[in-house]
file work24.cif (mmCIF, N, CA and C atoms)
data_target
#
loop_
_atom_site.label_atom_id
_atom_site.label_comp_id
_atom_site.auth_asym_id
_atom_site.auth_seq_id
_atom_site.Cartn_x
_atom_site.Cartn_y
_atom_site.Cartn_z
N MET A 119 8.69 45.45 -6.68
CA MET A 119 8.48 46.87 -6.54
C MET A 119 9.56 47.46 -5.65
N GLN A 120 9.99 48.64 -6.05
CA GLN A 120 10.91 49.41 -5.21
C GLN A 120 10.40 50.85 -5.18
N PHE A 121 10.75 51.56 -4.10
CA PHE A 121 10.31 52.96 -4.02
C PHE A 121 11.25 53.76 -3.15
N ARG A 122 11.15 55.05 -3.31
CA ARG A 122 11.87 55.98 -2.46
C ARG A 122 10.97 57.20 -2.26
N ARG A 123 10.98 57.74 -1.03
CA ARG A 123 10.16 58.91 -0.72
C ARG A 123 11.03 60.16 -0.68
N PHE A 124 10.51 61.23 -1.30
CA PHE A 124 11.13 62.55 -1.27
C PHE A 124 10.04 63.54 -0.89
N GLY A 125 10.09 64.06 0.34
CA GLY A 125 9.06 64.98 0.79
C GLY A 125 7.70 64.31 0.78
N ASN A 126 6.74 64.91 0.06
CA ASN A 126 5.39 64.34 0.01
C ASN A 126 5.17 63.47 -1.24
N LYS A 127 6.26 63.06 -1.90
CA LYS A 127 6.12 62.23 -3.10
C LYS A 127 6.90 60.93 -2.96
N TYR A 128 6.27 59.87 -3.43
CA TYR A 128 6.94 58.59 -3.56
C TYR A 128 7.21 58.36 -5.05
N PHE A 129 8.41 57.93 -5.36
CA PHE A 129 8.75 57.48 -6.70
C PHE A 129 8.80 55.96 -6.61
N VAL A 130 7.95 55.30 -7.39
CA VAL A 130 7.73 53.87 -7.26
C VAL A 130 8.06 53.19 -8.60
N ARG A 131 8.78 52.08 -8.52
CA ARG A 131 9.02 51.27 -9.71
C ARG A 131 8.33 49.93 -9.51
N ILE A 132 7.34 49.65 -10.36
CA ILE A 132 6.67 48.36 -10.35
C ILE A 132 7.31 47.54 -11.46
N ASP A 133 7.72 46.32 -11.13
CA ASP A 133 8.54 45.52 -12.02
C ASP A 133 7.75 44.56 -12.90
N LYS A 134 8.45 44.06 -13.91
CA LYS A 134 7.91 43.09 -14.86
C LYS A 134 7.23 41.94 -14.12
N GLY A 135 6.00 41.63 -14.58
CA GLY A 135 5.24 40.54 -14.00
C GLY A 135 4.34 40.94 -12.84
N GLU A 136 4.56 42.11 -12.27
CA GLU A 136 3.72 42.56 -11.16
C GLU A 136 2.43 43.18 -11.70
N GLU A 137 1.36 42.99 -10.94
CA GLU A 137 0.08 43.56 -11.32
C GLU A 137 -0.05 44.93 -10.65
N ILE A 138 -0.34 45.95 -11.43
CA ILE A 138 -0.30 47.34 -10.95
C ILE A 138 -1.28 47.60 -9.81
N MET A 139 -2.53 47.24 -9.95
CA MET A 139 -3.53 47.59 -8.93
C MET A 139 -3.25 46.89 -7.60
N ALA A 140 -2.93 45.61 -7.65
CA ALA A 140 -2.64 44.87 -6.41
C ALA A 140 -1.38 45.42 -5.74
N THR A 141 -0.36 45.71 -6.54
CA THR A 141 0.89 46.24 -6.00
C THR A 141 0.66 47.61 -5.38
N LEU A 142 -0.09 48.47 -6.07
CA LEU A 142 -0.36 49.81 -5.55
C LEU A 142 -1.19 49.75 -4.28
N GLU A 143 -2.18 48.90 -4.23
CA GLU A 143 -3.02 48.77 -3.03
C GLU A 143 -2.18 48.33 -1.83
N LYS A 144 -1.35 47.31 -2.01
CA LYS A 144 -0.50 46.82 -0.91
C LYS A 144 0.49 47.90 -0.48
N PHE A 145 1.07 48.61 -1.45
CA PHE A 145 1.99 49.69 -1.15
C PHE A 145 1.30 50.76 -0.29
N CYS A 146 0.10 51.17 -0.67
CA CYS A 146 -0.63 52.19 0.09
C CYS A 146 -0.97 51.69 1.49
N GLU A 147 -1.35 50.43 1.61
CA GLU A 147 -1.63 49.86 2.93
C GLU A 147 -0.37 49.84 3.79
N ASP A 148 0.73 49.36 3.23
CA ASP A 148 1.98 49.26 3.98
C ASP A 148 2.50 50.62 4.41
N GLU A 149 2.36 51.62 3.54
CA GLU A 149 2.87 52.96 3.83
C GLU A 149 1.83 53.85 4.52
N LYS A 150 0.66 53.29 4.77
CA LYS A 150 -0.43 54.00 5.46
C LYS A 150 -0.85 55.26 4.70
N ILE A 151 -0.95 55.13 3.38
CA ILE A 151 -1.36 56.24 2.51
C ILE A 151 -2.88 56.24 2.42
N THR A 152 -3.50 57.36 2.82
CA THR A 152 -4.96 57.47 2.79
C THR A 152 -5.48 58.51 1.82
N LEU A 153 -4.60 59.39 1.33
CA LEU A 153 -5.03 60.41 0.38
C LEU A 153 -3.86 60.78 -0.52
N ALA A 154 -4.00 60.53 -1.83
CA ALA A 154 -2.90 60.80 -2.75
C ALA A 154 -3.40 60.86 -4.18
N GLU A 155 -2.55 61.45 -5.02
CA GLU A 155 -2.74 61.45 -6.47
C GLU A 155 -1.70 60.51 -7.04
N VAL A 156 -2.09 59.73 -8.05
CA VAL A 156 -1.21 58.74 -8.66
C VAL A 156 -1.08 59.04 -10.15
N LYS A 157 0.14 58.97 -10.65
CA LYS A 157 0.36 59.08 -12.10
C LYS A 157 1.51 58.17 -12.47
N ALA A 158 1.45 57.63 -13.70
CA ALA A 158 2.47 56.66 -14.09
C ALA A 158 2.57 56.54 -15.60
N LEU A 159 3.67 55.90 -16.01
CA LEU A 159 3.87 55.49 -17.39
C LEU A 159 4.64 54.19 -17.36
N GLY A 160 4.74 53.54 -18.50
CA GLY A 160 5.44 52.26 -18.55
C GLY A 160 4.90 51.38 -19.65
N ALA A 161 4.96 50.07 -19.43
CA ALA A 161 4.52 49.12 -20.44
C ALA A 161 3.82 47.94 -19.78
N VAL A 162 2.76 47.47 -20.43
CA VAL A 162 1.97 46.34 -19.96
C VAL A 162 1.72 45.39 -21.13
N ASP A 163 1.33 44.15 -20.82
CA ASP A 163 0.98 43.23 -21.91
C ASP A 163 -0.30 42.45 -21.62
N ASP A 164 -0.97 42.80 -20.53
CA ASP A 164 -2.22 42.15 -20.14
C ASP A 164 -2.94 43.13 -19.24
N PHE A 165 -4.05 43.70 -19.74
CA PHE A 165 -4.74 44.70 -18.93
C PHE A 165 -6.24 44.67 -19.17
N GLU A 166 -6.96 45.19 -18.18
CA GLU A 166 -8.42 45.23 -18.24
C GLU A 166 -8.87 46.62 -17.82
N VAL A 167 -9.61 47.26 -18.70
CA VAL A 167 -10.17 48.58 -18.43
C VAL A 167 -11.66 48.55 -18.73
N GLY A 168 -12.39 49.47 -18.16
CA GLY A 168 -13.83 49.45 -18.38
C GLY A 168 -14.46 50.81 -18.42
N LEU A 169 -15.73 50.77 -18.69
CA LEU A 169 -16.56 51.97 -18.76
C LEU A 169 -17.76 51.75 -17.85
N PHE A 170 -18.07 52.74 -17.03
CA PHE A 170 -19.24 52.65 -16.16
C PHE A 170 -20.46 53.12 -16.93
N ASP A 171 -21.45 52.26 -17.02
CA ASP A 171 -22.71 52.58 -17.69
C ASP A 171 -23.63 53.18 -16.64
N VAL A 172 -23.93 54.47 -16.77
CA VAL A 172 -24.73 55.15 -15.74
C VAL A 172 -26.19 54.72 -15.74
N VAL A 173 -26.67 54.17 -16.85
CA VAL A 173 -28.05 53.69 -16.90
C VAL A 173 -28.15 52.34 -16.20
N GLU A 174 -27.25 51.40 -16.56
CA GLU A 174 -27.26 50.07 -15.95
C GLU A 174 -26.60 50.05 -14.58
N LYS A 175 -25.82 51.09 -14.27
CA LYS A 175 -25.09 51.19 -13.01
C LYS A 175 -24.14 50.02 -12.81
N LYS A 176 -23.38 49.71 -13.87
CA LYS A 176 -22.38 48.66 -13.78
C LYS A 176 -21.26 48.94 -14.79
N TYR A 177 -20.11 48.30 -14.51
CA TYR A 177 -18.96 48.45 -15.40
C TYR A 177 -19.01 47.42 -16.52
N HIS A 178 -18.64 47.85 -17.70
CA HIS A 178 -18.43 46.95 -18.83
C HIS A 178 -16.93 46.91 -19.04
N LYS A 179 -16.35 45.72 -18.88
CA LYS A 179 -14.89 45.59 -18.92
C LYS A 179 -14.43 45.06 -20.28
N ASN A 180 -13.25 45.52 -20.66
CA ASN A 180 -12.58 45.05 -21.87
C ASN A 180 -11.20 44.56 -21.48
N ALA A 181 -10.87 43.33 -21.87
CA ALA A 181 -9.56 42.76 -21.57
C ALA A 181 -8.70 42.76 -22.82
N PHE A 182 -7.42 43.09 -22.65
CA PHE A 182 -6.48 43.17 -23.77
C PHE A 182 -5.22 42.40 -23.41
N LYS A 183 -4.69 41.65 -24.39
CA LYS A 183 -3.43 40.93 -24.20
C LYS A 183 -2.56 41.19 -25.42
N PHE A 184 -1.74 42.22 -25.33
CA PHE A 184 -0.76 42.54 -26.36
C PHE A 184 0.22 43.53 -25.75
N PRO A 185 1.42 43.64 -26.30
CA PRO A 185 2.38 44.61 -25.78
C PRO A 185 1.84 46.03 -25.97
N ALA A 186 1.81 46.81 -24.90
CA ALA A 186 1.25 48.16 -24.96
C ALA A 186 2.05 49.11 -24.09
N GLU A 187 2.15 50.34 -24.56
CA GLU A 187 2.76 51.42 -23.78
C GLU A 187 1.66 52.13 -23.01
N ILE A 188 1.89 52.36 -21.73
CA ILE A 188 0.96 53.17 -20.95
C ILE A 188 1.13 54.61 -21.42
N THR A 189 0.10 55.15 -22.06
CA THR A 189 0.17 56.54 -22.51
C THR A 189 -0.30 57.48 -21.41
N SER A 190 -1.12 56.96 -20.50
CA SER A 190 -1.58 57.76 -19.38
C SER A 190 -2.12 56.84 -18.30
N LEU A 191 -1.72 57.08 -17.08
CA LEU A 191 -2.30 56.42 -15.91
C LEU A 191 -2.41 57.49 -14.86
N TRP A 192 -3.63 57.70 -14.39
CA TRP A 192 -3.87 58.76 -13.41
C TRP A 192 -5.01 58.35 -12.50
N GLY A 193 -4.94 58.77 -11.25
CA GLY A 193 -6.03 58.45 -10.36
C GLY A 193 -5.83 58.96 -8.95
N THR A 194 -6.68 58.48 -8.07
CA THR A 194 -6.67 58.92 -6.68
C THR A 194 -6.63 57.74 -5.73
N VAL A 195 -6.06 58.01 -4.57
CA VAL A 195 -6.11 57.09 -3.44
C VAL A 195 -6.94 57.79 -2.38
N THR A 196 -8.02 57.16 -1.96
CA THR A 196 -8.86 57.67 -0.88
C THR A 196 -9.15 56.47 0.03
N THR A 197 -10.17 56.58 0.87
CA THR A 197 -10.56 55.45 1.71
C THR A 197 -12.06 55.23 1.61
N LYS A 198 -12.46 53.99 1.87
CA LYS A 198 -13.87 53.63 1.99
C LYS A 198 -13.94 52.74 3.22
N GLU A 199 -14.72 53.18 4.19
CA GLU A 199 -14.83 52.47 5.46
C GLU A 199 -13.46 52.22 6.08
N GLY A 200 -12.57 53.21 5.92
CA GLY A 200 -11.25 53.15 6.52
C GLY A 200 -10.22 52.35 5.75
N GLN A 201 -10.61 51.71 4.64
CA GLN A 201 -9.70 50.90 3.84
C GLN A 201 -9.27 51.65 2.59
N VAL A 202 -8.08 51.34 2.09
CA VAL A 202 -7.57 51.97 0.86
C VAL A 202 -8.56 51.75 -0.28
N TYR A 203 -8.84 52.82 -1.01
CA TYR A 203 -9.76 52.77 -2.16
C TYR A 203 -9.06 53.44 -3.33
N LEU A 204 -8.79 52.66 -4.37
CA LEU A 204 -8.12 53.17 -5.56
C LEU A 204 -9.13 53.48 -6.65
N HIS A 205 -8.98 54.63 -7.29
CA HIS A 205 -9.77 54.97 -8.47
C HIS A 205 -8.77 55.41 -9.54
N ILE A 206 -8.48 54.49 -10.45
CA ILE A 206 -7.41 54.69 -11.43
C ILE A 206 -7.96 54.50 -12.84
N HIS A 207 -7.55 55.38 -13.74
CA HIS A 207 -7.85 55.23 -15.17
C HIS A 207 -6.53 55.06 -15.91
N MET A 208 -6.57 54.28 -16.98
CA MET A 208 -5.36 54.05 -17.77
C MET A 208 -5.71 53.99 -19.25
N SER A 209 -4.81 54.55 -20.06
CA SER A 209 -4.85 54.40 -21.50
C SER A 209 -3.54 53.75 -21.91
N ALA A 210 -3.63 52.81 -22.87
CA ALA A 210 -2.43 52.14 -23.35
C ALA A 210 -2.54 51.96 -24.86
N GLY A 211 -1.40 52.17 -25.54
CA GLY A 211 -1.39 52.11 -26.99
C GLY A 211 -0.63 50.91 -27.53
N ASP A 212 -1.11 50.41 -28.67
CA ASP A 212 -0.46 49.27 -29.31
C ASP A 212 0.61 49.74 -30.30
N SER A 213 1.18 48.80 -31.04
CA SER A 213 2.28 49.11 -31.96
C SER A 213 1.85 49.97 -33.15
N LYS A 214 0.55 50.06 -33.39
CA LYS A 214 0.04 50.90 -34.48
C LYS A 214 -0.45 52.25 -33.99
N GLY A 215 -0.31 52.49 -32.70
CA GLY A 215 -0.73 53.76 -32.14
C GLY A 215 -2.19 53.82 -31.72
N GLN A 216 -2.88 52.70 -31.80
CA GLN A 216 -4.27 52.65 -31.33
C GLN A 216 -4.25 52.63 -29.81
N VAL A 217 -5.11 53.42 -29.20
CA VAL A 217 -5.13 53.53 -27.75
C VAL A 217 -6.46 53.01 -27.21
N PHE A 218 -6.36 52.24 -26.12
CA PHE A 218 -7.52 51.69 -25.45
C PHE A 218 -7.43 52.09 -23.99
N GLY A 219 -8.55 52.45 -23.40
CA GLY A 219 -8.46 52.88 -22.02
C GLY A 219 -9.79 52.92 -21.31
N GLY A 220 -9.72 53.32 -20.05
CA GLY A 220 -10.89 53.44 -19.20
C GLY A 220 -10.52 53.22 -17.76
N HIS A 221 -11.51 52.86 -16.97
CA HIS A 221 -11.33 52.58 -15.54
C HIS A 221 -10.49 51.30 -15.41
N LEU A 222 -9.35 51.41 -14.74
CA LEU A 222 -8.41 50.29 -14.65
C LEU A 222 -8.84 49.28 -13.60
N THR A 223 -8.95 48.02 -14.02
CA THR A 223 -9.24 46.92 -13.12
C THR A 223 -7.97 46.15 -12.79
N ARG A 224 -7.18 45.89 -13.83
CA ARG A 224 -5.92 45.17 -13.63
C ARG A 224 -5.01 45.42 -14.82
N ALA A 225 -3.69 45.34 -14.55
CA ALA A 225 -2.69 45.49 -15.61
C ALA A 225 -1.39 44.85 -15.15
N VAL A 226 -0.85 43.97 -15.99
CA VAL A 226 0.39 43.28 -15.68
C VAL A 226 1.54 43.98 -16.41
N VAL A 227 2.55 44.36 -15.67
CA VAL A 227 3.69 45.08 -16.22
C VAL A 227 4.53 44.15 -17.09
N SER A 228 4.90 44.64 -18.30
CA SER A 228 5.71 43.83 -19.20
C SER A 228 7.18 44.25 -19.19
N ALA A 229 7.48 45.45 -18.77
CA ALA A 229 8.86 45.93 -18.68
C ALA A 229 9.07 46.67 -17.37
N THR A 230 8.37 47.78 -17.22
CA THR A 230 8.43 48.56 -15.99
C THR A 230 7.22 49.48 -15.93
N CYS A 231 6.91 49.94 -14.74
CA CYS A 231 5.90 50.98 -14.53
C CYS A 231 6.53 51.97 -13.56
N GLU A 232 6.74 53.20 -14.03
CA GLU A 232 7.30 54.26 -13.19
C GLU A 232 6.16 55.13 -12.71
N MET A 233 5.98 55.16 -11.41
CA MET A 233 4.81 55.80 -10.81
C MET A 233 5.23 56.85 -9.79
N ILE A 234 4.48 57.92 -9.75
CA ILE A 234 4.64 58.94 -8.71
C ILE A 234 3.35 58.97 -7.90
N VAL A 235 3.48 58.83 -6.60
CA VAL A 235 2.36 58.91 -5.68
C VAL A 235 2.57 60.16 -4.84
N GLU A 236 1.73 61.16 -5.06
CA GLU A 236 1.87 62.44 -4.37
C GLU A 236 0.85 62.52 -3.24
N LEU A 237 1.37 62.62 -2.01
CA LEU A 237 0.54 62.62 -0.82
C LEU A 237 -0.13 63.96 -0.58
N SER A 238 -1.33 63.89 -0.01
CA SER A 238 -2.02 65.07 0.49
C SER A 238 -2.40 64.80 1.94
N GLU A 239 -2.50 65.85 2.71
CA GLU A 239 -2.90 65.69 4.11
C GLU A 239 -4.40 65.51 4.18
N GLY A 240 -4.83 64.70 5.14
CA GLY A 240 -6.26 64.53 5.36
C GLY A 240 -6.76 63.18 4.92
N ILE A 241 -8.07 63.05 4.99
CA ILE A 241 -8.75 61.83 4.58
C ILE A 241 -9.99 62.23 3.79
N VAL A 242 -10.18 61.58 2.68
CA VAL A 242 -11.43 61.71 1.92
C VAL A 242 -12.01 60.31 1.82
N GLU A 243 -13.16 60.12 2.45
CA GLU A 243 -13.85 58.83 2.42
C GLU A 243 -14.71 58.73 1.16
N ARG A 244 -15.02 57.51 0.79
CA ARG A 244 -15.95 57.23 -0.32
C ARG A 244 -17.25 56.71 0.28
N LYS A 245 -18.34 57.07 -0.38
CA LYS A 245 -19.65 56.58 0.04
C LYS A 245 -20.46 56.31 -1.21
N LEU A 246 -21.21 55.20 -1.19
CA LEU A 246 -22.03 54.84 -2.33
C LEU A 246 -23.13 55.87 -2.53
N ASN A 247 -23.20 56.43 -3.73
CA ASN A 247 -24.28 57.31 -4.13
C ASN A 247 -25.27 56.44 -4.90
N GLU A 248 -26.39 56.15 -4.28
CA GLU A 248 -27.37 55.24 -4.87
C GLU A 248 -27.89 55.74 -6.22
N ASP A 249 -28.05 57.05 -6.35
CA ASP A 249 -28.58 57.62 -7.59
C ASP A 249 -27.63 57.39 -8.77
N VAL A 250 -26.35 57.57 -8.53
CA VAL A 250 -25.35 57.41 -9.59
C VAL A 250 -24.88 55.96 -9.68
N GLY A 251 -24.78 55.28 -8.55
CA GLY A 251 -24.31 53.91 -8.53
C GLY A 251 -22.81 53.77 -8.34
N LEU A 252 -22.17 54.83 -7.90
CA LEU A 252 -20.73 54.83 -7.70
C LEU A 252 -20.37 55.28 -6.28
N ASN A 253 -19.18 54.88 -5.83
CA ASN A 253 -18.64 55.36 -4.56
C ASN A 253 -18.00 56.72 -4.80
N LEU A 254 -18.64 57.78 -4.36
CA LEU A 254 -18.18 59.14 -4.61
C LEU A 254 -17.47 59.72 -3.39
N PHE A 255 -16.70 60.79 -3.62
CA PHE A 255 -16.08 61.51 -2.51
C PHE A 255 -17.18 61.89 -1.53
N ASP A 256 -16.91 61.70 -0.24
CA ASP A 256 -17.84 62.07 0.83
C ASP A 256 -17.12 63.05 1.74
N PHE A 257 -17.52 64.32 1.68
CA PHE A 257 -16.85 65.37 2.45
C PHE A 257 -17.54 65.69 3.76
N VAL A 258 -18.37 64.79 4.24
CA VAL A 258 -19.10 65.02 5.49
C VAL A 258 -18.15 65.11 6.68
N LYS A 259 -17.11 64.26 6.69
CA LYS A 259 -16.16 64.23 7.81
C LYS A 259 -15.24 65.39 7.77
#
call {"tool": "encode", "arguments": {"input": "work24.cif", "output": "C-alpha cells"}}
result
Amino acid sequence: MQFRRFGNKYFVRIDKGEEIMATLEKFCEDEKITLAEVKALGAVDDFEVGLFDVVEKKYHKNAFKFPAEITSLWGTVTTKEGQVYLHIHMSAGDSKGQVFGGHLTRAVVSATCEMIVELSEGIVERKLNEDVGLNLFDFVK
C-alpha cells in the first residue's frame, strides 16, 4: 500500500495480493483516522460480501473467487469503544457483467485498488442497538 495526503483527503493505492479490509483498518490506525468516508474502485479475485438478516440478526456471507472489477466500494470509518470501526459495502462484476455485492468482509486485490479516504472532524462512536442487532451511529457524545 502507498498513499499521499492532500488537505483532508488521502489517495491510497492498495496493491495486488493485499486484503482491502485489513489494509484499510491498519492504515486508519496508523494515521489515527477516526471519522472518514471511503470510496474506491479496482479489481479483486477473492472476496466475501454479505447481507444482514434483520429477523435473525446475523450476516449471511457469500464468498466469490473469480476475476472481478469493483464497480462500487463505499463506506464509513468511525469508532467503537475507541477503536477503528469500518462499515464498507462493495459491488463487483464478473466478465459477463453480473454484479455481486453487499457488506464487505474481505477482498483480495488482483491488480490494484484506488481508494480515497476523506476525513471529517470529530468522532462518531458505534453502539450496539439490541433491537436491530447492529452497531449503529451513537451521537450521545
call {"tool": "closest_residue", "arguments": {"input": "work24.cif", "among": "A:Leu153, A:Val167, A:Val202, A:Val195", "to": "Thr223 of chain A", "atoms": "only N, CA and C atoms"}}
result
A:Val167
call {"tool": "closest_residue", "arguments": {"input": "work24.cif", "among": "A:Glu137, A:Asp249, A:Glu243, A:Glu143", "to": "Thr196 of chain A", "atoms": "all atoms listed in the file"}}
result
A:Glu243
call {"tool": "closest_residue", "arguments": {"input": "work24.cif", "among": "A:Gly240, A:Pro185, A:Gly251, A:Gly168", "to": "His207 of chain A", "atoms": "only C-alpha atoms"}}
result
A:Gly168
call {"tool": "atom_distance", "arguments": {"input": "work24.cif", "atom1": "atom CA of Met139 of chain A", "atom2": "atom N of Ala225 of chain A"}}
result
6.1 Å
call {"tool": "atom_distance", "arguments": {"input": "work24.cif", "atom1": "atom CA of Thr197 of chain A", "atom2": "atom C of Tyr128 of chain A"}}
result
19.2 Å
call {"tool": "resolve_selection", "arguments": {"input": "work24.cif", "expression": "the PyMOL selection byres ((chain A and resi 190) around 5)", "output": "compact mmCIF listing (two decimals) with N, CA and C atoms, keeping the file's coordinate frame"}}
result
# COMPACT_ATOMS: atom_id res chain seq x y z
N ILE A 188 1.89 52.36 -21.73
CA ILE A 188 0.96 53.17 -20.95
C ILE A 188 1.13 54.61 -21.42
N THR A 189 0.10 55.15 -22.06
CA THR A 189 0.17 56.54 -22.51
C THR A 189 -0.30 57.48 -21.41
N LEU A 191 -1.72 57.08 -17.08
CA LEU A 191 -2.30 56.42 -15.91
C LEU A 191 -2.41 57.49 -14.86
N TRP A 192 -3.63 57.70 -14.39
CA TRP A 192 -3.87 58.76 -13.41
C TRP A 192 -5.01 58.35 -12.50
N MET A 208 -6.57 54.28 -16.98
CA MET A 208 -5.36 54.05 -17.77
C MET A 208 -5.71 53.99 -19.25
N SER A 209 -4.81 54.55 -20.06
CA SER A 209 -4.85 54.40 -21.50
C SER A 209 -3.54 53.75 -21.91
call {"tool": "resolve_selection", "arguments": {"input": "work24.cif", "expression": "the PyMOL selection byres ((chain A and resi 157-161) around 7)", "output": "list in words"}}
result
Glu155, Val156, Val162, Asp163, Pro185, Ala186, Glu187, Ile188, Thr189, Ser190, Leu191, Trp192, Gly193, Val226, Val227, Ser228, Ala229, Thr230, Cys231, Glu232, Met233, Ile234, Val235 and Glu236 of chain A
